[in-house]
Amino acid sequence: MERELTPRSSISRRRFLGTAGVTTMVLASPPAFAEATAEPSSLPKENVRLSVNGRQHALDLDPRTTLLDTLREHLALTGTKKGCDQGQCGACTIIVNGQRINSCLTLAVMHDGDEITTIEGLVEDGDLHPMQAAFVRHDGLQCGYCTPGQICSAVALLAEHRAGWPSHVTADVATRPALSDAEIAERMSGNICRCSAYPNIVAAIRDVNEGGRG
Amino acid sequence: MKPFRYERASGVASACATAAAPGAKFIAGGTNLIDLMKLQIETPELLVDIGLLPLADIIESTGEGGLRIGAGVTNSALAADMRVRRLYPLLSQAILAGASTQLRNKATTGGNLLQRTRCPYFYDTTKPCNKRVPGSGCAALHGINRMNAVMGVSDDCIAAHPSDMAVAMTALDARVETVAADGAIRTIPIDALYRAPGSTPHIETVLAPGEMIRSVLLPPPPKGRQVYRKVRDRASFAFALVSVAVVVEREGDRVRAARVAFGGLSYKPWRSAEAEASLEGASATRASFDAAGIAALKNARGYGHNDFKIPLARRTLRATLADAVGA
């Protein structure tokens, strides 16, 4: 399915686990697997080029494939989570061409040539991104399922705020508001945390915005 | 999702010609359409992707001192545009009151206008819905209809239009510029874009097959203060129960002129000529604002669970007008 343009020297842990999982599934239930992957022969595949976390990929995809499923099922980047799959929870938030979006509500074919950053791409030289470190330091999570989406959202939020974007709670939309806790909460409303770690998520974002230790 | 063919549009004219075919649909941001395709409420055979068309992303001044907004401009870009924030703050406020940043980053101006209702029975494919399956009936009429419309609808469909942006555009007298399948260009006042449900609620706009919204034209900004207020079940990221867009020009203790549009009440953003007439020349007082609310909701009809919307709309109008005049 995937034709890698960048040579890959080693198999990642996730890729290995993903492959092992598929193998187990085939052995456990061959008919179910065959059924699950059967595709109508009339369906033309679309070629899509994606740059994900700096790596180039060329894929032949059923046009129905969402960007979320492409990342998780075709590129084995399972850090991006599928929560509601209808744009309400934000667990699938990724950054495309510098802007955060719900990857569940867009098709991969609509993103030919786009630059995509997922949670896996935020680490630099093995060091956590300052926002990742702040979430750890402030305990901005419990179960962790929403966390990759929260962090990608928060990273993009700071860029939007630096660009002067107003929000629903900005008293005068013609001004550039300071990033108060109310502004952070409003700007993060597309990311639900059912463990309700919200106070610590806000604290982590405030810390990074104020140039905290990262 | 049902299988479909996908085509990336190379130009406006060819995209319109292609999309005129039965079963074809435009896709831009896709935040509403893809959701509906997953549920097989929308089952296009061909998607014509207009997301990357040139000119789609332009916001430019018009000769008359207004603004031309390309249909592909994202909700985020439009709300953050400094000309919009300074001259049409109502529009920025309305956009920012809708959805989440992730959705606004994808959702486009044209797509926002053409988004489908969030009536729960339109979404529930196990229930009758004349909009989804013409002739099947309306489950909302005697169902859980607290989110549904109270103005201008019919017993065949009581769905409400969910947009915030369109409410502000209606108060701002926006016009929609379209390109037809044969290349003809026409301009439609936004209020005339939407069709009353009547007995054909599945036909929602006056657009012909293949006709594309190319831009939205805003006339020069109106005089007076612009305020958008939205009432919803939670403080952020929820559709309106009721929303109000007002533009109020004050002269001393009186209202010289006012514009009033409601969201959440009808199949389209509901511009109230009755409220505007009631406010013109009236004293800028609570009594006048109450009278405007009574005039605006005179012909409203509740369907049970949504009866509360009628007094809520009156009170929200009063509060928004008071805010606009600083009373």
# chains A, B, ... in the order shown; residues from 1 in each chain; ligands from 1

$ residues_around --residues "Phe135 of chain A" --least-positions-apart "6" --cutoff "8 Å" --atoms "only C-alpha atoms" --output "list in words"
Leu141, Ile151, Asn200, Ile201, Ala204 and Ile205 of chain A

$ residues_around --residues "segment 170-178 of chain A" --least-positions-apart "2" --cutoff "9 Å" --atoms "only C-alpha atoms" --output "list in words"
His161, Arg162, Ala163, Gly164, Trp165, Pro166, Ser167, His168, Ser180 and Glu183 of chain A; Ala79, Ala80, Met82, Arg83, Val84, Arg85, Arg86, Leu87, Pro89, Ser92 and Gln93 of chain B

$ closest_residue --among "A:Asn102, A:Gln150, A:Thr80, A:Thr66" --to "chain B" --atoms "only C-alpha atoms"
A:Asn102

$ residues_around --residues "Phe237 of chain B" --least-positions-apart "2" --cutoff "8 Å" --atoms "only C-alpha atoms" --output "number ranges by chain"
A: 189-190; B: 97-100, 234-235, 239

$ write_last_selection --atoms "N, CA and C atoms" --output "short mmCIF file (atom, residue, chain, number, x, y, z; two decimals), in the first residue's frame"
data_model
loop_
_atom_site.label_atom_id
_atom_site.label_comp_id
_atom_site.auth_asym_id
_atom_site.auth_seq_id
_atom_site.Cartn_x
_atom_site.Cartn_y
_atom_site.Cartn_z
N SER A 189 -11.68 24.56 23.44
CA SER A 189 -12.99 23.92 23.62
C SER A 189 -13.24 22.81 22.60
N GLY A 190 -12.40 22.70 21.59
CA GLY A 190 -12.54 21.61 20.63
C GLY A 190 -11.86 20.33 21.08
N ALA B 97 -18.22 32.43 17.57
CA ALA B 97 -19.19 31.80 18.46
C ALA B 97 -19.56 30.40 17.99
N GLY B 98 -19.12 30.04 16.78
CA GLY B 98 -19.50 28.74 16.22
C GLY B 98 -18.36 27.74 16.23
N ALA B 99 -18.68 26.48 16.45
CA ALA B 99 -17.74 25.36 16.30
C ALA B 99 -16.51 25.50 17.19
N SER B 100 -15.42 24.83 16.78
CA SER B 100 -14.14 24.89 17.50
C SER B 100 -13.10 25.42 16.52
N ARG B 234 -24.01 25.01 26.46
CA ARG B 234 -22.74 25.12 27.19
C ARG B 234 -22.01 26.36 26.67
N ALA B 235 -20.97 26.76 27.38
CA ALA B 235 -20.36 28.07 27.12
C ALA B 235 -19.61 28.15 25.80
N PHE B 239 -24.21 24.32 19.28
CA PHE B 239 -25.09 25.06 18.38
C PHE B 239 -26.02 25.95 19.20
#

$ closest_atom_pairs --of "segment 41-156 of chain B" --to "segment 262-273 of chain B" --cutoff "9 Å" --atoms "only C-alpha atoms" --output "JSON lines"
{"residue": "B:Thr117", "atom": "CA", "partner": "B:Tyr267", "partner_atom": "CA", "distance": 8.3}
{"residue": "B:Met147", "atom": "CA", "partner": "B:Gly264", "partner_atom": "CA", "distance": 7.5}
{"residue": "B:Asn148", "atom": "CA", "partner": "B:Leu265", "partner_atom": "CA", "distance": 7.2}
{"residue": "B:Ala149", "atom": "CA", "partner": "B:Leu265", "partner_atom": "CA", "distance": 4.6}
{"residue": "B:Val150", "atom": "CA", "partner": "B:Leu265", "partner_atom": "CA", "distance": 5.4}
{"residue": "B:Met151", "atom": "CA", "partner": "B:Ser266", "partner_atom": "CA", "distance": 5.1}
{"residue": "B:Gly152", "atom": "CA", "partner": "B:Ser266", "partner_atom": "CA", "distance": 6.0}
{"residue": "B:Val153", "atom": "CA", "partner": "B:Ser266", "partner_atom": "CA", "distance": 6.7}

$ write_last_selection --atoms "N, CA and C atoms" --output "tab-separated table (two decimals), in the first residue's frame"
chain	number	residue	atom	x	y	z
B	117	THR	N	-28.83	20.98	8.32
B	117	THR	CA	-29.36	21.13	9.68
B	117	THR	C	-28.77	20.08	10.61
B	147	MET	N	-34.32	21.72	19.83
B	147	MET	CA	-33.37	22.47	19.00
B	147	MET	C	-34.03	22.99	17.72
B	148	ASN	N	-35.29	22.66	17.48
B	148	ASN	CA	-35.90	22.95	16.19
B	148	ASN	C	-36.48	24.35	16.07
B	149	ALA	N	-36.97	24.64	14.86
B	149	ALA	CA	-37.37	26.00	14.50
B	149	ALA	C	-38.76	26.36	15.03
B	150	VAL	N	-39.00	27.67	15.17
B	150	VAL	CA	-40.32	28.17	15.60
B	150	VAL	C	-40.88	29.20	14.62
B	151	MET	N	-40.15	29.48	13.53
B	151	MET	CA	-40.60	30.50	12.58
B	151	MET	C	-40.42	29.99	11.14
B	152	GLY	N	-41.42	30.24	10.33
B	152	GLY	CA	-41.27	30.05	8.88
B	152	GLY	C	-41.19	28.62	8.40
B	153	VAL	N	-41.46	27.65	9.29
B	153	VAL	CA	-41.32	26.25	8.87
B	153	VAL	C	-42.71	25.65	8.60

$ interface_residues --of "chain B" --to "chain A" --cutoff "10 Å" --atoms "only C-alpha atoms" --output "ChimeraX atom specification"
/B:1-8,27-39,47,49-52,76-77,79-90,92-107,235-238

$ closest_residue --among "B:Lys131, B:Arg314, B:Arg116, B:Ala257" --to "Lys223 of chain B" --atoms "only C-alpha atoms"
B:Ala257

$ select_by_dssp --residues "segment 88-171 of chain A" --states "helix (DSSP H, G or I)" --output "PyMOL selection string"
chain A and resi 103-105+108-111+119-121+130-137+147-162

$ select_by_dssp --residues "segment 58-117 of chain A" --states "strand (DSSP E or B)" --output "list in words"
Ala58, Leu59, Asp60, Leu61, Thr66, Thr93, Ile94, Ile95, Val96, Gln99, Arg100, Ile101, Asn102, Leu107, Glu115, Ile116 and Thr117 of chain A

$ closest_residue --among "B:Pro162, B:Gly326, B:Gly11, B:Pro134" --to "Pro201 of chain B" --atoms "only C-alpha atoms"
B:Pro134

$ residues_around --residues "Glu64 of chain B" --least-positions-apart "5" --cutoff "10 Å" --atoms "only C-alpha atoms" --output "ChimeraX atom specification"
/B:218-220

$ residues_around --residues "Lys82 of chain A" --least-positions-apart "5" --cutoff "8 Å" --atoms "only C-alpha atoms" --output "PyMOL selection string"
chain A and resi 68+91-92+104

$ closest_residue --among "B:His202, B:Arg214, B:Arg195, B:His142" --to "Ile59 of chain B" --atoms "only C-alpha atoms"
B:Arg214

$ closest_residue --among "B:Leu317, B:Ala140, B:Leu67, B:Ala9" --to "Pro54 of chain B" --atoms "only C-alpha atoms"
B:Ala9

$ closest_residue --among "B:Ala258, B:Ala322, B:Leu297, B:Ala277" --to "Leu172 of chain B" --atoms "only C-alpha atoms"
B:Ala258

$ residues_around --residues "Ala17 of chain B" --least-positions-apart "6" --cutoff "7 Å" --atoms "only C-alpha atoms" --output "VMD selection string"
chain B and resid 181 to 182 210

$ write_last_selection --atoms "C-alpha atoms" --output "mmCIF file, in the first residue's frame"
data_model
loop_
_atom_site.group_PDB
_atom_site.id
_atom_site.type_symbol
_atom_site.label_atom_id
_atom_site.label_comp_id
_atom_site.auth_asym_id
_atom_site.auth_seq_id
_atom_site.Cartn_x
_atom_site.Cartn_y
_atom_site.Cartn_z
ATOM 1 C CA ALA B 181 -22.928 25.160 -14.652
ATOM 2 C CA ASP B 182 -23.083 27.149 -17.911
ATOM 3 C CA GLY B 210 -23.570 22.615 -10.410
#

$ residues_around --residues "Arg194 of chain A" --least-positions-apart "2" --cutoff "12 Å" --atoms "only C-alpha atoms" --output "list in words"
Gly83, Cys89, Gly90, Ala91, Leu141, Gln142, Cys143, Gly144, Tyr145, Cys146, Thr147, Asn191, Ile192, Ser196, Ala197 and Tyr198 of chain A

$ write_last_selection --atoms "N, CA and C atoms" --output "tab-separated table (two decimals), in the first residue's frame"
chain	number	residue	atom	x	y	z
A	83	GLY	N	-11.41	9.21	18.58
A	83	GLY	CA	-12.37	9.25	19.70
A	83	GLY	C	-13.77	9.12	19.16
A	89	CYS	N	-14.71	15.59	19.58
A	89	CYS	CA	-13.89	15.36	20.78
A	89	CYS	C	-12.49	15.93	20.67
A	90	GLY	N	-11.94	16.03	19.47
A	90	GLY	CA	-10.61	16.62	19.29
A	90	GLY	C	-9.44	15.67	19.50
A	91	ALA	N	-9.71	14.40	19.81
A	91	ALA	CA	-8.61	13.45	20.04
A	91	ALA	C	-7.76	13.27	18.79
A	141	LEU	N	-3.13	15.29	32.48
A	141	LEU	CA	-3.80	14.12	31.91
A	141	LEU	C	-4.06	13.10	33.00
A	142	GLN	N	-5.03	12.22	32.70
A	142	GLN	CA	-5.17	11.04	33.56
A	142	GLN	C	-5.03	9.80	32.69
A	143	CYS	N	-6.09	9.47	31.93
A	143	CYS	CA	-5.98	8.25	31.11
A	143	CYS	C	-5.06	8.47	29.91
A	144	GLY	N	-4.97	9.69	29.42
A	144	GLY	CA	-4.03	10.00	28.36
A	144	GLY	C	-4.56	9.87	26.94
A	145	TYR	N	-5.78	9.38	26.78
A	145	TYR	CA	-6.27	9.12	25.42
A	145	TYR	C	-6.43	10.41	24.62
A	146	CYS	N	-6.87	11.48	25.27
A	146	CYS	CA	-7.08	12.74	24.54
A	146	CYS	C	-5.81	13.55	24.41
A	147	THR	N	-4.74	13.12	25.12
A	147	THR	CA	-3.55	13.96	25.29
A	147	THR	C	-2.83	14.32	23.98
A	191	ASN	N	-11.31	20.34	22.28
A	191	ASN	CA	-10.65	19.14	22.82
A	191	ASN	C	-11.29	18.76	24.15
A	192	ILE	N	-11.99	17.63	24.13
A	192	ILE	CA	-12.69	17.16	25.32
A	192	ILE	C	-11.76	16.24	26.12
A	196	SER	N	-11.38	15.02	32.81
A	196	SER	CA	-11.49	16.39	33.29
A	196	SER	C	-10.20	16.92	33.90
A	197	ALA	N	-9.12	16.78	33.15
A	197	ALA	CA	-7.83	17.33	33.60
A	197	ALA	C	-7.69	18.79	33.20
A	198	TYR	N	-8.81	19.43	32.92
A	198	TYR	CA	-8.77	20.79	32.36
A	198	TYR	C	-7.91	21.79	33.15

$ decode --residues "segment 149-269 of chain B" --atoms "C-alpha atoms" --output "tab-separated table (two decimals), in the first residue's frame"
chain	number	residue	atom	x	y	z
B	149	ALA	CA	-37.37	26.00	14.50
B	150	VAL	CA	-40.32	28.17	15.60
B	151	MET	CA	-40.60	30.50	12.58
B	152	GLY	CA	-41.27	30.05	8.88
B	153	VAL	CA	-41.32	26.25	8.87
B	154	SER	CA	-44.02	23.72	7.96
B	155	ASP	CA	-45.53	20.52	9.33
B	156	ASP	CA	-43.30	18.66	6.87
B	157	CYS	CA	-40.08	19.97	8.41
B	158	ILE	CA	-39.21	22.06	11.46
B	159	ALA	CA	-35.42	21.94	11.04
B	160	ALA	CA	-33.36	24.99	12.01
B	161	HIS	CA	-30.39	26.35	10.08
B	162	PRO	CA	-27.35	25.94	12.33
B	163	SER	CA	-25.00	28.68	11.08
B	164	ASP	CA	-23.86	31.61	13.21
B	165	MET	CA	-21.88	33.25	10.40
B	166	ALA	CA	-24.92	33.42	8.15
B	167	VAL	CA	-26.91	35.25	10.85
B	168	ALA	CA	-24.32	38.04	10.94
B	169	MET	CA	-24.15	38.13	7.13
B	170	THR	CA	-27.94	38.44	6.98
B	171	ALA	CA	-27.88	41.43	9.35
B	172	LEU	CA	-25.09	42.93	7.20
B	173	ASP	CA	-27.16	42.61	3.97
B	174	ALA	CA	-24.63	40.27	2.37
B	175	ARG	CA	-25.10	39.05	-1.19
B	176	VAL	CA	-23.96	35.71	-2.53
B	177	GLU	CA	-22.27	35.61	-5.93
B	178	THR	CA	-22.64	32.31	-7.77
B	179	VAL	CA	-21.38	30.66	-10.94
B	180	ALA	CA	-23.79	28.33	-12.75
B	181	ALA	CA	-22.93	25.16	-14.65
B	182	ASP	CA	-23.08	27.15	-17.91
B	183	GLY	CA	-20.76	29.81	-16.50
B	184	ALA	CA	-23.47	32.41	-15.86
B	185	ILE	CA	-22.85	34.61	-12.83
B	186	ARG	CA	-25.63	35.91	-10.61
B	187	THR	CA	-25.90	37.68	-7.28
B	188	ILE	CA	-28.47	36.61	-4.68
B	189	PRO	CA	-29.32	38.48	-1.47
B	190	ILE	CA	-28.41	36.07	1.32
B	191	ASP	CA	-31.99	36.13	2.62
B	192	ALA	CA	-33.18	34.80	-0.76
B	193	LEU	CA	-30.60	31.99	-0.89
B	194	TYR	CA	-32.65	29.71	1.36
B	195	ARG	CA	-35.97	28.14	0.42
B	196	ALA	CA	-38.78	27.71	2.93
B	197	PRO	CA	-39.33	23.99	3.63
B	198	GLY	CA	-43.02	23.93	2.61
B	199	SER	CA	-43.72	20.43	1.31
B	200	THR	CA	-40.21	20.05	-0.20
B	201	PRO	CA	-37.80	20.43	2.71
B	202	HIS	CA	-35.13	18.43	0.86
B	203	ILE	CA	-34.69	21.44	-1.47
B	204	GLU	CA	-32.90	23.91	0.78
B	205	THR	CA	-31.58	26.66	-1.48
B	206	VAL	CA	-32.31	28.30	-4.82
B	207	LEU	CA	-29.00	27.05	-6.25
B	208	ALA	CA	-29.21	24.88	-9.37
B	209	PRO	CA	-27.20	21.66	-9.80
B	210	GLY	CA	-23.57	22.61	-10.41
B	211	GLU	CA	-24.09	26.20	-9.25
B	212	MET	CA	-21.23	27.24	-6.97
B	213	ILE	CA	-21.00	30.05	-4.46
B	214	ARG	CA	-17.95	32.00	-5.65
B	215	SER	CA	-17.93	34.84	-3.15
B	216	VAL	CA	-19.92	36.66	-0.54
B	217	LEU	CA	-20.22	40.43	-0.99
B	218	LEU	CA	-20.57	42.70	2.01
B	219	PRO	CA	-21.83	46.24	1.40
B	220	PRO	CA	-20.03	49.07	3.23
B	221	PRO	CA	-20.33	48.62	7.00
B	222	PRO	CA	-23.60	49.98	8.43
B	223	LYS	CA	-23.59	52.85	10.91
B	224	GLY	CA	-24.03	51.99	14.54
B	225	ARG	CA	-22.88	49.36	16.99
B	226	GLN	CA	-22.80	45.72	15.97
B	227	VAL	CA	-23.34	42.97	18.56
B	228	TYR	CA	-23.76	39.20	18.24
B	229	ARG	CA	-25.06	37.20	21.15
B	230	LYS	CA	-25.49	33.44	21.27
B	231	VAL	CA	-27.36	31.40	23.87
B	232	ARG	CA	-26.49	27.70	24.02
B	233	ASP	CA	-26.43	24.69	26.33
B	234	ARG	CA	-22.74	25.12	27.19
B	235	ALA	CA	-20.36	28.07	27.12
B	236	SER	CA	-18.46	27.02	23.99
B	237	PHE	CA	-18.62	24.64	21.00
B	238	ALA	CA	-22.39	24.11	20.85
B	239	PHE	CA	-25.09	25.06	18.38
B	240	ALA	CA	-27.36	27.97	19.23
B	241	LEU	CA	-30.66	27.61	21.01
B	242	VAL	CA	-31.14	31.23	20.01
B	243	SER	CA	-28.70	33.79	18.68
B	244	VAL	CA	-29.20	37.45	17.84
B	245	ALA	CA	-27.28	39.79	15.55
B	246	VAL	CA	-28.06	43.48	15.93
B	247	VAL	CA	-26.79	46.71	14.42
B	248	VAL	CA	-28.06	49.73	16.29
B	249	GLU	CA	-27.58	53.35	15.32
B	250	ARG	CA	-28.37	55.63	18.20
B	251	GLU	CA	-29.30	59.30	18.15
B	252	GLY	CA	-29.41	60.76	21.63
B	253	ASP	CA	-31.92	58.77	23.66
B	254	ARG	CA	-33.50	57.28	20.58
B	255	VAL	CA	-32.78	54.52	18.11
B	256	ARG	CA	-32.35	56.05	14.67
B	257	ALA	CA	-32.18	52.68	12.88
B	258	ALA	CA	-31.70	49.04	13.82
B	259	ARG	CA	-31.13	45.72	12.14
B	260	VAL	CA	-32.14	42.46	13.80
B	261	ALA	CA	-31.46	38.88	12.71
B	262	PHE	CA	-31.99	35.69	14.72
B	263	GLY	CA	-30.27	32.30	14.55
B	264	GLY	CA	-31.71	29.01	15.78
B	265	LEU	CA	-35.29	30.02	15.06
B	266	SER	CA	-35.87	29.11	11.43
B	267	TYR	CA	-34.74	27.29	8.29
B	268	LYS	CA	-32.66	30.37	7.54
B	269	PRO	CA	-31.20	33.25	9.51
